[in-house]
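Novice: Structure below; questions to follow.
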Amino acid sequence: MRLDRLLVLLWLLLPLSAHAHIGSLTVVYESHAPPVPVRVIIRPPGVVPGLATIDVRVLTNGVKRVTVLPVHWRAGVDGSPPPDVAKPVEGDPNLFHAELWLMARGAYSVHVEAQTSAGSTKFIVPVNSLATTRLPMPGALSGILIALGVLLFSLAVTVVTAGVRESVLDPGTEPSSLRRRLGRAAGAGAVVMLALAIYGGRAWWNAEDRDYRNNKMHQPVECDVKVRIEDGQRIARLTVLTNESRASWPGLVPDHGKLMHVFMMREPQMDVLAHLHPVRRSHRLFEVVLPPVPAGNYRLYADVTHETGLAQTLTATTTVPELVDATKTADGMIADADDSWHLGAPTDAAAKKFESDLGDGRVMKWDGAQVPVVGREATLRFTIHEANGSLSKLDAYMGMLGHAAIRRDDGAVFTHLHPAGSVSMAAQQVFQIRAGEKPPKRITPEMMEQLCQPPNANLPQQPLMFPYEFPQPGRYRIWVQAKIGGVVRTGVFDTEVIEAGLKTAAK
Amino acid sequence: MMSNLQKDFYTDFSFVDIHRARRNFPIFIVHRFGYDFCAMQSSTTLGDLGASLTPPATKSSFGTPWYCQLIVFAATCILVGIVWDISWHSTIGRDTFWTPAHICIHLGGSLGGFLCGWLVLRATFSPDEAIRGAGVRVWGFRGPLGAWVTIWGALAMLTSAPFDNWWHDAYGLDVEILSPPHSVLAAGMYFHVVGGLLLVLSYQNRSADERRAGGRGLYVFAAGILVGLAAIMMTEKSLPNQQHGGLFYKISCGVYPFFLVAMARASKLAWPTTAIAGIYMGLMCLAVWILPLFPAQPLLAPIYNPVKSMVPPAFPLLLIVPAFAMDLIFRWIGRGRGWKRDLLLAPLLATAFTALFMVTQWNFSEHLISPAAENRFFAGSGFFTYVDARTEMWNKFWDLKTGGLTTSSALVAWGLALAASAAGLAVGNWMARVKR
C-alpha cells in the first residue's frame with residue numbers, strides 16, 4: 001500500500017485535450033422547437049466505462065415525464081436498453097436529472113424525450129465517450145487504504161506466526177521452543193511473501209496504469225501544418241497525423257456544410273482570429289488559403305465530425321510568414337466564401353468591458369452581468385446594435401445566427417459554440433440517419449448532401465444566445481461572429497471564470 | 001478378499017444407510033460423503049460451544065457446532081454471491097452497491113467476520129480453559145486459527161470496497177474479473193473461506209474417532225466452495241473455447257491439483273478428492289441450471305447479444321474424473337504420511353491429473369462448443385454476455401495458432417501439476433494436524 005501511495009502521488013489531475021472541443025467532454029444542447037423547448041447538458045465521466053450525468057432543463061411548464069436513452073453508434077437503437085426516466089430535481093421544477101452508463105468508447109447519441117399533455121418532443125444529443133482523465137487518489141482515501149493495508153499486513157504475519165506455532169498443538173498445550181522458532185521463521189517467510197505480493201501488485205497496477213495511458217486514454221490527434229507561398233497566396237497545408245489505418249480515421253461528414261472548421265489564433269496575444277474552412281486534398285490532407293492575417297505564431301483548432309458521429313478537435317501550431325507579394329494570380333486557390341478573420345483584442349477600458357466595436361459604428365454588447373462559474377450552465381447573451389442604437393438585422397452565417405469561439409488564455413480549453421450549443425450538428429444528423437428503421441452502415445454521398453443542407457433557414461433574430469458551461473477556471477477570450485449585410489463581424493470579449501463557491505466581487 | 005476400496009465402502013456406512021438410501025437418494029449421497037444434514041441441525045445448540053470444542057467420539061456424532069455451520073453458510077453466500085454477480089454483470093450490466101448479488105457477498109463477508117470476531121472474544125475472555133486453550137494467540141487475543149484467517153479475509157474484502165470504487169472512478173468500471181482491487185477482494189474471499197475451512201477442520205481433527213469425525217462432511221463441502229472460487233477467478237482463461245489452448249492447461253494444472261490434494265489430504269472421508277470435485281461441479285451445475293430460469297434483460301448499451309434471462313456460467317470443468325483417479329492413487333499408496341510416500345505420491349497425482357484432465361476436458365470442450373450442447377443442461381454458448389455479438393467464433397476454439405496445446409506446453413502443465421501436487425501434499429499434511 002505504501003508503494004501504491006507513492007505511485008498515486010506521482011499522478012496528476014490532468015484533463016487531457018483532444019476530443020470534441022478541448023478541455024472538456026461536456027456537451028450543451030438547446031432546442032427551442034415546440035412543444036417543449038429544452039436545454040440539455042451531458043457531462044461524461046472522462047473514463048470508460050463510466051457514469052455520465054444528464055440534466056434536462058425544460059423551458060416551459062407542464063412537462064410530465066422526461067426519458068433519456070444512450071445509444072452507441074455501432075449498436076444502434078436496437079442494441080439499446082429501455083430508456084431511463086429522468087427524475088425532477090427538488091426545488092427546480094423545470095430541471096430533470098438522470099445518470100447514464102457509457103460502457104464503450106466512441107460516439108454515443110442520447111435520445112431525449114420530454115412529454116407533456118400537449119405532445120412530446122424527441123431529439124438526439126451526440127456525446128463522445130472517451131477516457132480523458134487521470135484521477136489522483138484523495139489523501140483521505142489513501143490514508144484509509146494505507147492504514148488497512150498495514151493492518152492486513154501485520155495481522156497476516158502475526159496469524160501465520162501463531163498458526164505455525166500453535167495450531168497443531170492439542171488444546172491447552174504450550175508451544176515448545178522449537179515451535180516458537182518455527183513460528184518466527186514462518187512469520188519471516190510471510191513477510192517475504194507479502195512483500196513479494198505487494199511488489200507484484202504494484203507492478204500490476206503500474207502496468208494497468210500504463211495500459212490505460214497508452215491504449216485506453218484518448219490520444220490527442222495533431223496536425224502538421226505547413227504554410228507555403230504560391231501564386232502570391234499563403235496556403236496552409238494540414239496533414240492529420242494519425243496512423244495509416246483507415247479505422248483510426250473514419251470518413252468525415254460535413255458540419256453545417258464544411259468538412260473542417262479551423263480556428264487560428266495568434267499566440268500569445270490572441271489578437272488575431274481566423275475562421276477558415278479547408279478543402280480536402282486526400283484522405284488526411286487539407287489545404288486552405290490564408291486570409292491577410294499578420295505574420296506570427298498561430299495555434300490552430302480544427303473541428304471535424306466522423307461518420308461514426310464522433311466529433312473531435314485537432315490541434316496544431318504553425319508559423320505564418322509575411323506575405324511579400326500580395327498580387328494574386330488568376331489561377332490561384334480560391335478561399336471559401338464563409339472564411340472570416342478578425343484583428344484586434346478587447347478594449348482595456350473597464351467601462352467598455354462588455355462592448356466590442358464591430359466597425360462602421362456598430363457595436364456588440366455582452367450581457368455579462370453574471371460572472372461565469374465553472375460547471376454551471378450559463379447563457380452567453382449578445383446583442384448587436386447599429387450606429388443609431390437599433391438592433392442589427394443578422395444574416396445566416398453558415399445556416400446559423402452566429403458562431404462563437406471560446407478559448408482559455410493558455411489554450412487548454414477551446415470550444416466552438418452555436419446557438420444550439422456545443423454539440424456537433426453533423427453528429428446529430430448522422431445519428432438521426434442511424435436512428436431510422438434501416439440504419440445504414442456507412443454514410444453515403446447522398447446522405448452527406450442531405451447533411452449539407454443548412455440546418456435552419458428561418459432564423460430567429462436577436463438576442464444572440466449561446467448556452468455553455470465553462471469547464472475550468474481561468475481567463476477566457478470569447479469571439480462572437482455574426483453576419484450583417486453580407487459581412488462577417490466579430491466581437492471580442494475577455495472574462496474571468498471562477499470556481500463555484502468563490503465570491504464574485506472581482507466583477 | 002476385499003480390496004481396501006471395498007473395505008472402506010462397507011465399513012463407512014451401515015445397512016441402515018442403505019435402507020434409508022432407497023427412500024431418499026440425495027440424502028444417501030450426502031451421507032455417503034459423510035455429512036448428515038439432519039444430524040447437523042439437531043446435534044448442537046447455541047449454548048454448547050464449550051462442549052462442542054471437543055467433539056464427542058460417539059458413533060452417532062456426524063454433527064458439527066453451530067458456528068461451523070454458520071461459517072460454511074457464510075462461505076456459501078460468498079460463492080453464490082460472486083456467481084450471481086458475474087451473471088448480473090453479464091446479463092443486466094448496470095449495478096449498484098445494493099444489488100442482491102452484492103448483498104449476498106456482503107452478507108457472507110460480514111457474517112463470517114462478525115462470527116469469527118465473536119469467537120475470538122469468546123475464546124479470549126471465556127473462563128473456560130477448554131475454550132481458551134483451543135485458540136492461538138494473536139496480539140494478546142485468543143481464537144481459533146480459522147477465525148483469525150476469516151477475520152483477515154473479511155478485512156481484505158472491506159478494504160477492497162473503497163479501493164474498487166476509486167478504481168472505477170480512475171480507470172472506468174472494470175468489467176473484468178481480474179483487476180488489482182478485485183484481486184484484493186478475491187484474496188479476502190479466499191481467505192474468508194479458508195478460515196471457515198480451518199475452523200471446521202480443527203473441529204474434525206479434534207475428534208477422537210478417525211472414521212466418523214464430526215465436521216468431515218462440512219469440511220469437504222467448504223473445500224468444494226474453495227475450488228469453486230478458484231475456478232471463478234480463472235473464468236476468463238477457462239472458457240470452453242479456450243480449452244484447446246496451452247495456457248488453459250498450464251493454469252489449471254498449476255492450480256487445481258494444489259487445492260484438491262491439500263484438502264483431500266486433510267479430509268477423513270473415504271473419497272475426499274472425488275467428493276470435493278463433485279461438490280464444486282454440483283454447485284456450479286446448479287448455477288448453470290438455475291440462473292437461466294430467471295428472465296432478465298440488459299440495461300446498458302451497447303447490446304450485441306439481447307439475452308432474455310440471467311446468463312449462466314460455462315459448464316464446470318469435469319474435475320471429478322481426475323479427482324477419482326487421484327483418490328484411487330491415495331487409496332493405493334495409503335494414507336500414511338512421510339516424505340518418501342509423498343515423493344511417490346506427487347508425480348503420480350500430477351501425472352494422473354494432467355493426463356486425465358487433458359483428455360477429458362479436450363474432448364468435453366468439443367462437445368460444449370458444438371450445437372449439441374445448446375440446451376438447458378450444458379448451456380453451450382449460454383455464458384456469452386450481452387456485449388458479445390454472436391459470431392462463428394462462438395463455435396470455434398480460440399487462439400489455436402498462437403497458443404494451442406503443444407507437447408512443450410503439456411510438459412510445462414505437468415511440471416506445474418507436479419509442483420502444485422507437492423505443495424498440496426505439504427500444506428495438506430499440516431492441515432491434517434490442525435487442532436486449534
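Letters A, B, ... mark the chains of the C-alpha cells in the order given; residue numbers begin at 1 per chain; ligand numbers begin at 1, in order shown.
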Skip stretch 125-133 of chain A itself and residues of its chain fewer than 3 positions away, then list as a ChimeraX atom specification all residues within 6 Å of it, counting only C-alpha atoms.
Specialist: /A:15-16,46-48,105-110,217-218,428
Novice: Show me, as a PyMOL selection string, every residue of chain B with an atom at most 6 Å from chain A, counting only C-alpha atoms.
Specialist: chain B and resi 133-134+136+170-173+299-304+433-436
Novice: Quick one: write out the picked residues with N, CA, C and O atoms as an mmCIF file, in the first residue's frame?
Specialist:
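Below is the file selection_14.cif, written as the result:
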data_model
loop_
_atom_site.group_PDB
_atom_site.id
_atom_site.type_symbol
_atom_site.label_atom_id
_atom_site.label_comp_id
_atom_site.auth_asym_id
_atom_site.auth_seq_id
_atom_site.Cartn_x
_atom_site.Cartn_y
_atom_site.Cartn_z
ATOM 1 N N GLY B 133 -8.022 -22.585 25.583
ATOM 2 C CA GLY B 133 -6.891 -23.411 25.140
ATOM 3 C C GLY B 133 -6.999 -23.869 23.707
ATOM 4 O O GLY B 133 -6.010 -24.327 23.121
ATOM 5 N N ALA B 134 -8.194 -23.734 23.127
ATOM 6 C CA ALA B 134 -8.375 -24.204 21.742
ATOM 7 C C ALA B 134 -8.111 -23.105 20.732
ATOM 8 O O ALA B 134 -8.463 -23.243 19.564
ATOM 9 N N VAL B 136 -5.367 -19.871 19.149
ATOM 10 C CA VAL B 136 -3.971 -19.435 19.019
ATOM 11 C C VAL B 136 -3.915 -17.962 19.412
ATOM 12 O O VAL B 136 -4.902 -17.240 19.285
ATOM 13 N N ALA B 170 -11.276 6.086 -11.458
ATOM 14 C CA ALA B 170 -9.991 6.460 -12.071
ATOM 15 C C ALA B 170 -9.792 5.827 -13.442
ATOM 16 O O ALA B 170 -9.298 6.464 -14.363
ATOM 17 N N TYR B 171 -10.172 4.571 -13.576
ATOM 18 C CA TYR B 171 -9.889 3.850 -14.822
ATOM 19 C C TYR B 171 -11.149 3.382 -15.539
ATOM 20 O O TYR B 171 -11.059 2.715 -16.569
ATOM 21 N N GLY B 172 -12.299 3.668 -14.973
ATOM 22 C CA GLY B 172 -13.534 3.162 -15.554
ATOM 23 C C GLY B 172 -13.927 1.862 -14.881
ATOM 24 O O GLY B 172 -13.097 1.161 -14.302
ATOM 25 N N LEU B 173 -15.212 1.579 -14.981
ATOM 26 C CA LEU B 173 -15.736 0.350 -14.371
ATOM 27 C C LEU B 173 -15.004 -0.851 -14.969
ATOM 28 O O LEU B 173 -15.012 -1.047 -16.183
ATOM 29 N N LEU B 299 -29.483 -3.660 -19.324
ATOM 30 C CA LEU B 299 -29.888 -2.273 -19.087
ATOM 31 C C LEU B 299 -28.790 -1.293 -19.457
ATOM 32 O O LEU B 299 -28.826 -0.137 -19.057
ATOM 33 N N LEU B 300 -27.812 -1.762 -20.192
ATOM 34 C CA LEU B 300 -26.736 -0.875 -20.633
ATOM 35 C C LEU B 300 -26.492 -1.069 -22.124
ATOM 36 O O LEU B 300 -26.604 -2.179 -22.639
ATOM 37 N N ALA B 301 -26.155 0.022 -22.777
ATOM 38 C CA ALA B 301 -25.789 -0.057 -24.195
ATOM 39 C C ALA B 301 -24.260 -0.029 -24.297
ATOM 40 O O ALA B 301 -23.602 0.568 -23.451
ATOM 41 N N PRO B 302 -23.682 -0.633 -25.296
ATOM 42 C CA PRO B 302 -24.312 -1.321 -26.416
ATOM 43 C C PRO B 302 -24.665 -2.777 -26.098
ATOM 44 O O PRO B 302 -23.948 -3.440 -25.357
ATOM 45 N N ILE B 303 -25.777 -3.215 -26.696
ATOM 46 C CA ILE B 303 -26.224 -4.600 -26.522
ATOM 47 C C ILE B 303 -26.035 -5.302 -27.861
ATOM 48 O O ILE B 303 -26.677 -4.963 -28.844
ATOM 49 N N TYR B 304 -25.159 -6.266 -27.904
ATOM 50 C CA TYR B 304 -24.943 -7.019 -29.139
ATOM 51 C C TYR B 304 -25.545 -8.416 -29.071
ATOM 52 O O TYR B 304 -25.611 -9.111 -30.062
ATOM 53 N N ARG B 433 -3.168 -31.827 10.671
ATOM 54 C CA ARG B 433 -2.803 -31.810 12.094
ATOM 55 C C ARG B 433 -3.364 -30.601 12.834
ATOM 56 O O ARG B 433 -3.150 -30.455 14.031
ATOM 57 N N VAL B 434 -4.046 -29.733 12.113
ATOM 58 C CA VAL B 434 -4.545 -28.509 12.752
ATOM 59 C C VAL B 434 -5.629 -28.866 13.767
ATOM 60 O O VAL B 434 -6.594 -29.550 13.434
ATOM 61 N N LYS B 435 -5.443 -28.420 14.983
ATOM 62 C CA LYS B 435 -6.421 -28.744 16.029
ATOM 63 C C LYS B 435 -6.973 -27.499 16.713
ATOM 64 O O LYS B 435 -7.788 -27.590 17.624
ATOM 65 N N ARG B 436 -6.447 -26.362 16.357
ATOM 66 C CA ARG B 436 -6.939 -25.158 17.027
ATOM 67 C C ARG B 436 -7.552 -24.194 16.029
ATOM 68 O O ARG B 436 -7.080 -24.096 14.922
#
Novice: Residues within 10 Å of stretch 92-108 of chain B, please, as a VMD selection string. Count only C-alpha atoms; anything in the same chain fewer than 2 positions from it doesn't count.
Specialist: (chain A and resid 81 100 to 101 103) or (chain B and resid 70 to 90 110 to 113 154 157 to 158 161 175 189 192 to 193 296 to 301 303 307 to 311 385 to 387)
Novice: Those same residues, written as a short mmCIF file (atom, residue, chain, number, x, y, z; two decimals), in the first residue's frame with N, CA and C atoms?
Specialist:
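So the final result, stored in again_22.cif, reads:
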data_model
loop_
_atom_site.label_atom_id
_atom_site.label_comp_id
_atom_site.auth_asym_id
_atom_site.auth_seq_id
_atom_site.Cartn_x
_atom_site.Cartn_y
_atom_site.Cartn_z
N PRO A 81 -30.89 -0.49 -24.30
CA PRO A 81 -31.87 -0.94 -23.31
C PRO A 81 -33.08 -0.02 -23.30
N LEU A 100 -26.30 8.17 -16.72
CA LEU A 100 -26.22 7.26 -17.88
C LEU A 100 -24.89 6.55 -17.87
N TRP A 101 -24.94 5.23 -17.99
CA TRP A 101 -23.70 4.47 -18.13
C TRP A 101 -23.25 4.50 -19.58
N MET A 103 -20.75 2.68 -21.65
CA MET A 103 -19.97 1.46 -21.44
C MET A 103 -18.84 1.28 -22.44
N LEU B 70 -22.49 -22.09 10.50
CA LEU B 70 -22.71 -20.70 10.10
C LEU B 70 -21.56 -20.20 9.22
N ILE B 71 -20.35 -20.60 9.54
CA ILE B 71 -19.22 -20.09 8.75
C ILE B 71 -19.25 -20.70 7.35
N VAL B 72 -19.69 -21.93 7.25
CA VAL B 72 -19.79 -22.54 5.91
C VAL B 72 -20.97 -21.92 5.15
N PHE B 73 -22.02 -21.57 5.89
CA PHE B 73 -23.12 -20.85 5.25
C PHE B 73 -22.62 -19.52 4.69
N ALA B 74 -21.79 -18.82 5.49
CA ALA B 74 -21.23 -17.55 5.02
C ALA B 74 -20.38 -17.76 3.77
N ALA B 75 -19.60 -18.82 3.78
CA ALA B 75 -18.77 -19.13 2.59
C ALA B 75 -19.65 -19.42 1.38
N THR B 76 -20.74 -20.13 1.63
CA THR B 76 -21.67 -20.43 0.53
C THR B 76 -22.27 -19.15 -0.02
N CYS B 77 -22.61 -18.24 0.89
CA CYS B 77 -23.15 -16.94 0.45
C CYS B 77 -22.17 -16.24 -0.48
N ILE B 78 -20.90 -16.30 -0.11
CA ILE B 78 -19.88 -15.62 -0.92
C ILE B 78 -19.81 -16.24 -2.31
N LEU B 79 -19.80 -17.57 -2.36
CA LEU B 79 -19.72 -18.24 -3.67
C LEU B 79 -20.97 -17.94 -4.50
N VAL B 80 -22.13 -18.09 -3.85
CA VAL B 80 -23.38 -17.83 -4.58
C VAL B 80 -23.40 -16.37 -5.05
N GLY B 81 -22.97 -15.47 -4.15
CA GLY B 81 -22.99 -14.05 -4.48
C GLY B 81 -22.10 -13.72 -5.65
N ILE B 82 -20.93 -14.33 -5.68
CA ILE B 82 -19.99 -13.98 -6.76
C ILE B 82 -20.47 -14.56 -8.09
N VAL B 83 -21.02 -15.76 -8.07
CA VAL B 83 -21.57 -16.33 -9.30
C VAL B 83 -22.75 -15.49 -9.78
N TRP B 84 -23.58 -15.09 -8.85
CA TRP B 84 -24.74 -14.27 -9.16
C TRP B 84 -24.30 -12.91 -9.71
N ASP B 85 -23.26 -12.34 -9.10
CA ASP B 85 -22.80 -11.02 -9.52
C ASP B 85 -22.23 -11.05 -10.93
N ILE B 86 -21.48 -12.10 -11.23
CA ILE B 86 -20.93 -12.23 -12.58
C ILE B 86 -22.07 -12.37 -13.58
N SER B 87 -23.08 -13.17 -13.20
CA SER B 87 -24.24 -13.32 -14.08
C SER B 87 -24.96 -11.98 -14.25
N TRP B 88 -25.04 -11.24 -13.15
CA TRP B 88 -25.70 -9.93 -13.20
C TRP B 88 -24.98 -9.00 -14.17
N HIS B 89 -23.66 -8.97 -14.07
CA HIS B 89 -22.88 -8.11 -14.97
C HIS B 89 -22.95 -8.60 -16.42
N SER B 90 -23.11 -9.91 -16.59
CA SER B 90 -23.18 -10.46 -17.94
C SER B 90 -24.56 -10.26 -18.57
N SER B 110 -19.63 -10.25 6.00
CA SER B 110 -19.82 -9.66 7.33
C SER B 110 -20.24 -10.73 8.34
N LEU B 111 -21.04 -11.69 7.89
CA LEU B 111 -21.46 -12.75 8.81
C LEU B 111 -20.23 -13.51 9.32
N GLY B 112 -19.36 -13.88 8.39
CA GLY B 112 -18.15 -14.60 8.79
C GLY B 112 -17.26 -13.74 9.67
N GLY B 113 -17.12 -12.47 9.29
CA GLY B 113 -16.25 -11.57 10.05
C GLY B 113 -16.75 -11.38 11.47
N ALA B 154 -12.22 -11.08 5.85
CA ALA B 154 -13.30 -10.08 5.90
C ALA B 154 -12.72 -8.67 5.81
N MET B 157 -11.75 -7.98 2.29
CA MET B 157 -12.95 -7.69 1.48
C MET B 157 -13.41 -6.25 1.73
N LEU B 158 -13.34 -5.86 3.00
CA LEU B 158 -13.73 -4.48 3.35
C LEU B 158 -12.79 -3.48 2.69
N ALA B 161 -13.41 -2.63 -1.05
CA ALA B 161 -14.59 -1.84 -1.46
C ALA B 161 -14.22 -0.40 -1.85
N VAL B 175 -14.96 -4.17 -16.05
CA VAL B 175 -15.89 -5.25 -16.34
C VAL B 175 -15.13 -6.55 -16.58
N MET B 189 -11.99 -13.05 -0.08
CA MET B 189 -12.99 -14.12 -0.14
C MET B 189 -12.32 -15.48 0.05
N HIS B 192 -11.35 -15.83 3.60
CA HIS B 192 -12.58 -15.96 4.38
C HIS B 192 -13.01 -17.42 4.38
N VAL B 193 -13.04 -18.01 3.20
CA VAL B 193 -13.47 -19.40 3.07
C VAL B 193 -12.42 -20.35 3.66
N ALA B 296 -34.50 -11.80 -17.56
CA ALA B 296 -33.77 -10.54 -17.31
C ALA B 296 -33.39 -9.95 -18.66
N GLN B 297 -33.05 -8.68 -18.66
CA GLN B 297 -32.62 -8.04 -19.91
C GLN B 297 -31.52 -7.03 -19.62
N PRO B 298 -30.67 -6.79 -20.60
CA PRO B 298 -29.59 -5.81 -20.39
C PRO B 298 -30.16 -4.41 -20.18
N LEU B 299 -29.48 -3.66 -19.32
CA LEU B 299 -29.89 -2.27 -19.09
C LEU B 299 -28.79 -1.29 -19.46
N LEU B 300 -27.81 -1.76 -20.19
CA LEU B 300 -26.74 -0.87 -20.63
C LEU B 300 -26.49 -1.07 -22.12
N ALA B 301 -26.15 0.02 -22.78
CA ALA B 301 -25.79 -0.06 -24.19
C ALA B 301 -24.26 -0.03 -24.30
N ILE B 303 -25.78 -3.22 -26.70
CA ILE B 303 -26.22 -4.60 -26.52
C ILE B 303 -26.03 -5.30 -27.86
N VAL B 307 -29.81 -10.92 -24.54
CA VAL B 307 -30.16 -12.07 -23.70
C VAL B 307 -31.52 -11.82 -23.03
N LYS B 308 -32.24 -12.90 -22.80
CA LYS B 308 -33.59 -12.78 -22.24
C LYS B 308 -33.68 -13.28 -20.81
N SER B 309 -32.63 -13.94 -20.36
CA SER B 309 -32.64 -14.45 -18.99
C SER B 309 -31.23 -14.34 -18.42
N MET B 310 -31.14 -14.60 -17.11
CA MET B 310 -29.83 -14.46 -16.46
C MET B 310 -28.81 -15.40 -17.12
N VAL B 311 -27.65 -14.83 -17.42
CA VAL B 311 -26.60 -15.58 -18.12
C VAL B 311 -25.91 -16.53 -17.12
N THR B 385 -22.01 -12.95 -22.90
CA THR B 385 -22.71 -11.85 -22.25
C THR B 385 -23.46 -10.99 -23.27
N TYR B 386 -24.13 -9.99 -22.77
CA TYR B 386 -24.92 -9.12 -23.65
C TYR B 386 -24.07 -8.28 -24.60
N VAL B 387 -22.78 -8.17 -24.32
CA VAL B 387 -21.93 -7.38 -25.23
C VAL B 387 -21.20 -8.27 -26.24
#
Novice: Within 6 Å of A:Val253, counting only C-alpha atoms, which residues qualify if same-chain residues fewer than 3 places away don't, as a ChimeraX atom specification?
Specialist: /A:259,305-307
Novice: How would the residues just chosen look if you wrote them out with N, CA, C and O atoms as a PDB file, in the first residue's frame?
Specialist:
ATOM      1  N   LEU A 259     -16.399  20.310 -44.166  1.00  0.00           N
ATOM      2  CA  LEU A 259     -15.770  19.116 -43.598  1.00  0.00           C
ATOM      3  C   LEU A 259     -14.893  19.462 -42.399  1.00  0.00           C
ATOM      4  O   LEU A 259     -14.713  18.667 -41.502  1.00  0.00           O
ATOM      5  N   THR A 305     -16.063  16.100 -37.873  1.00  0.00           N
ATOM      6  CA  THR A 305     -17.014  15.091 -37.397  1.00  0.00           C
ATOM      7  C   THR A 305     -16.896  13.862 -38.291  1.00  0.00           C
ATOM      8  O   THR A 305     -16.930  13.976 -39.519  1.00  0.00           O
ATOM      9  N   HIS A 306     -16.752  12.710 -37.643  1.00  0.00           N
ATOM     10  CA  HIS A 306     -16.640  11.458 -38.389  1.00  0.00           C
ATOM     11  C   HIS A 306     -18.021  10.870 -38.659  1.00  0.00           C
ATOM     12  O   HIS A 306     -18.991  11.201 -37.972  1.00  0.00           O
ATOM     13  N   GLU A 307     -18.064   9.972 -39.631  1.00  0.00           N
ATOM     14  CA  GLU A 307     -19.354   9.359 -39.956  1.00  0.00           C
ATOM     15  C   GLU A 307     -19.865   8.462 -38.836  1.00  0.00           C
ATOM     16  O   GLU A 307     -21.018   8.065 -38.838  1.00  0.00           O
TER      17      GLU A 307
END
Novice: If we count only C-alpha atoms, what is near B:Phe248 at a cut-off of 12 Å, once residues fewer than 4 positions away on the same chain are taken out, given as an MDAnalysis selection string?
Specialist: chainID B and resid 231 234:244 252:256 317 354 357:358 361:362 365 397:400 403:406 409:410 412:413
Novice: Which parts of stretch 92-319 of chain A does DSSP call helix (DSSP H, G or I) when run on the backbone here, written out as a VMD selection string?
Specialist: chain A and resid 139 to 166 177 to 216 246 to 248
Novice: How far is it from atom CA of A:Leu273 to atom CA of A:Leu314, in Å with one decimal?
Specialist: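 So the two atoms, atom CA of A:Leu273 and atom CA of A:Leu314, lie 16.7 Å apart.
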Novice: As a PyMOL selection string, which residues of stretch 343-504 of chain A does DSSP assign to strand (DSSP E)?
Specialist: chain A and resi 343+355-359+362-366+378-385+403-408+414-417+464-468+474-484+487-497
Novice: Emit the selected residues as a CSV table (one decimal), in the first residue's frame, including C-alpha atoms.
Specialist:
chain,number,residue,atom,x,y,z
A,343,LEU,CA,-7.7,41.6,-36.0
A,355,GLU,CA,-18.8,46.1,-25.5
A,356,SER,CA,-16.9,45.3,-28.7
A,357,ASP,CA,-16.6,47.7,-31.6
A,358,LEU,CA,-17.6,46.0,-34.9
A,359,GLY,CA,-16.7,48.9,-37.2
A,362,ARG,CA,-21.8,49.1,-35.0
A,363,VAL,CA,-21.2,47.6,-31.5
A,364,MET,CA,-21.7,44.2,-30.0
A,365,LYS,CA,-22.8,44.2,-26.3
A,366,TRP,CA,-22.5,41.3,-23.9
A,378,ALA,CA,-24.9,29.8,-18.5
A,379,THR,CA,-26.4,31.7,-21.4
A,380,LEU,CA,-23.9,34.0,-23.1
A,381,ARG,CA,-26.2,36.7,-24.4
A,382,PHE,CA,-25.1,39.2,-27.0
A,383,THR,CA,-26.8,42.0,-29.0
A,384,ILE,CA,-25.5,43.9,-32.0
A,385,HIS,CA,-26.5,47.5,-32.5
A,403,HIS,CA,-20.8,31.4,-34.1
A,404,ALA,CA,-18.6,31.7,-31.0
A,405,ALA,CA,-15.1,30.6,-30.2
A,406,ILE,CA,-14.1,30.4,-26.6
A,407,ARG,CA,-10.5,29.8,-25.5
A,408,ARG,CA,-8.7,30.0,-22.2
A,414,PHE,CA,-11.3,25.6,-26.6
A,415,THR,CA,-14.9,25.4,-27.7
A,416,HIS,CA,-16.7,26.2,-30.9
A,417,LEU,CA,-20.3,27.2,-30.0
A,464,LEU,CA,-27.7,36.2,-30.0
A,465,MET,CA,-27.5,33.5,-27.3
A,466,PHE,CA,-25.1,30.6,-26.7
A,467,PRO,CA,-25.7,28.0,-24.0
A,468,TYR,CA,-22.5,26.9,-22.4
A,474,GLY,CA,-9.2,31.0,-15.6
A,475,ARG,CA,-9.1,33.9,-18.1
A,476,TYR,CA,-11.0,33.3,-21.3
A,477,ARG,CA,-11.4,35.2,-24.5
A,478,ILE,CA,-14.6,35.0,-26.4
A,479,TRP,CA,-15.0,35.7,-30.1
A,480,VAL,CA,-18.6,36.1,-31.4
A,481,GLN,CA,-19.2,36.1,-35.1
A,482,ALA,CA,-22.4,37.2,-36.9
A,483,LYS,CA,-23.1,38.2,-40.5
A,484,ILE,CA,-24.5,41.6,-41.1
A,487,VAL,CA,-20.1,40.8,-44.0
A,488,VAL,CA,-19.0,38.7,-41.0
A,489,ARG,CA,-18.4,40.8,-38.0
A,490,THR,CA,-16.5,39.6,-34.9
A,491,GLY,CA,-16.9,40.9,-31.4
A,492,VAL,CA,-14.2,40.1,-28.8
A,493,PHE,CA,-14.6,39.9,-25.0
A,494,ASP,CA,-12.5,38.7,-22.1
A,495,THR,CA,-13.8,37.2,-18.9
A,496,GLU,CA,-12.6,35.5,-15.8
A,497,VAL,CA,-14.3,32.2,-14.9
Novice: Please measure the separation of atom CA of A:Ser422 and atom CA of A:Phe286, giving the value in Å to one decimal.
Specialist: 23.8 Å
Novice: Nearest residue to A:Glu30 out of A:Ala335, A:Ile229, A:Ala316, A:Ala420, using only C-alpha atoms?
Specialist: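 Closest candidate: A:Ala420.
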Novice: Calculated over only C-alpha atoms, which of the candidates B:Ala323, B:Val288, B:Ala186, B:Leu418 has the smallest distance to B:Phe383?
Specialist: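 So, comparing all the options, the nearest one is B:Val288.
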Novice: Residues near A:Ile334, anyone? I mean within 12 Å using only C-alpha atoms, not counting same-chain ones fewer than 6 positions away, as a list in words.
Specialist: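 Residues near the query, excluding close chain neighbours: Asp231, Gln233, Arg234, Ile235, His277, Pro278, Val279, Glu287, Val288, Val289, Leu290, Pro291 and Lys328 of chain A.
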Novice: Provide the atom CA of A:Leu276 to atom CA of A:Lys393 distance in Å, to one decimal place.
Specialist: 23.7 Å
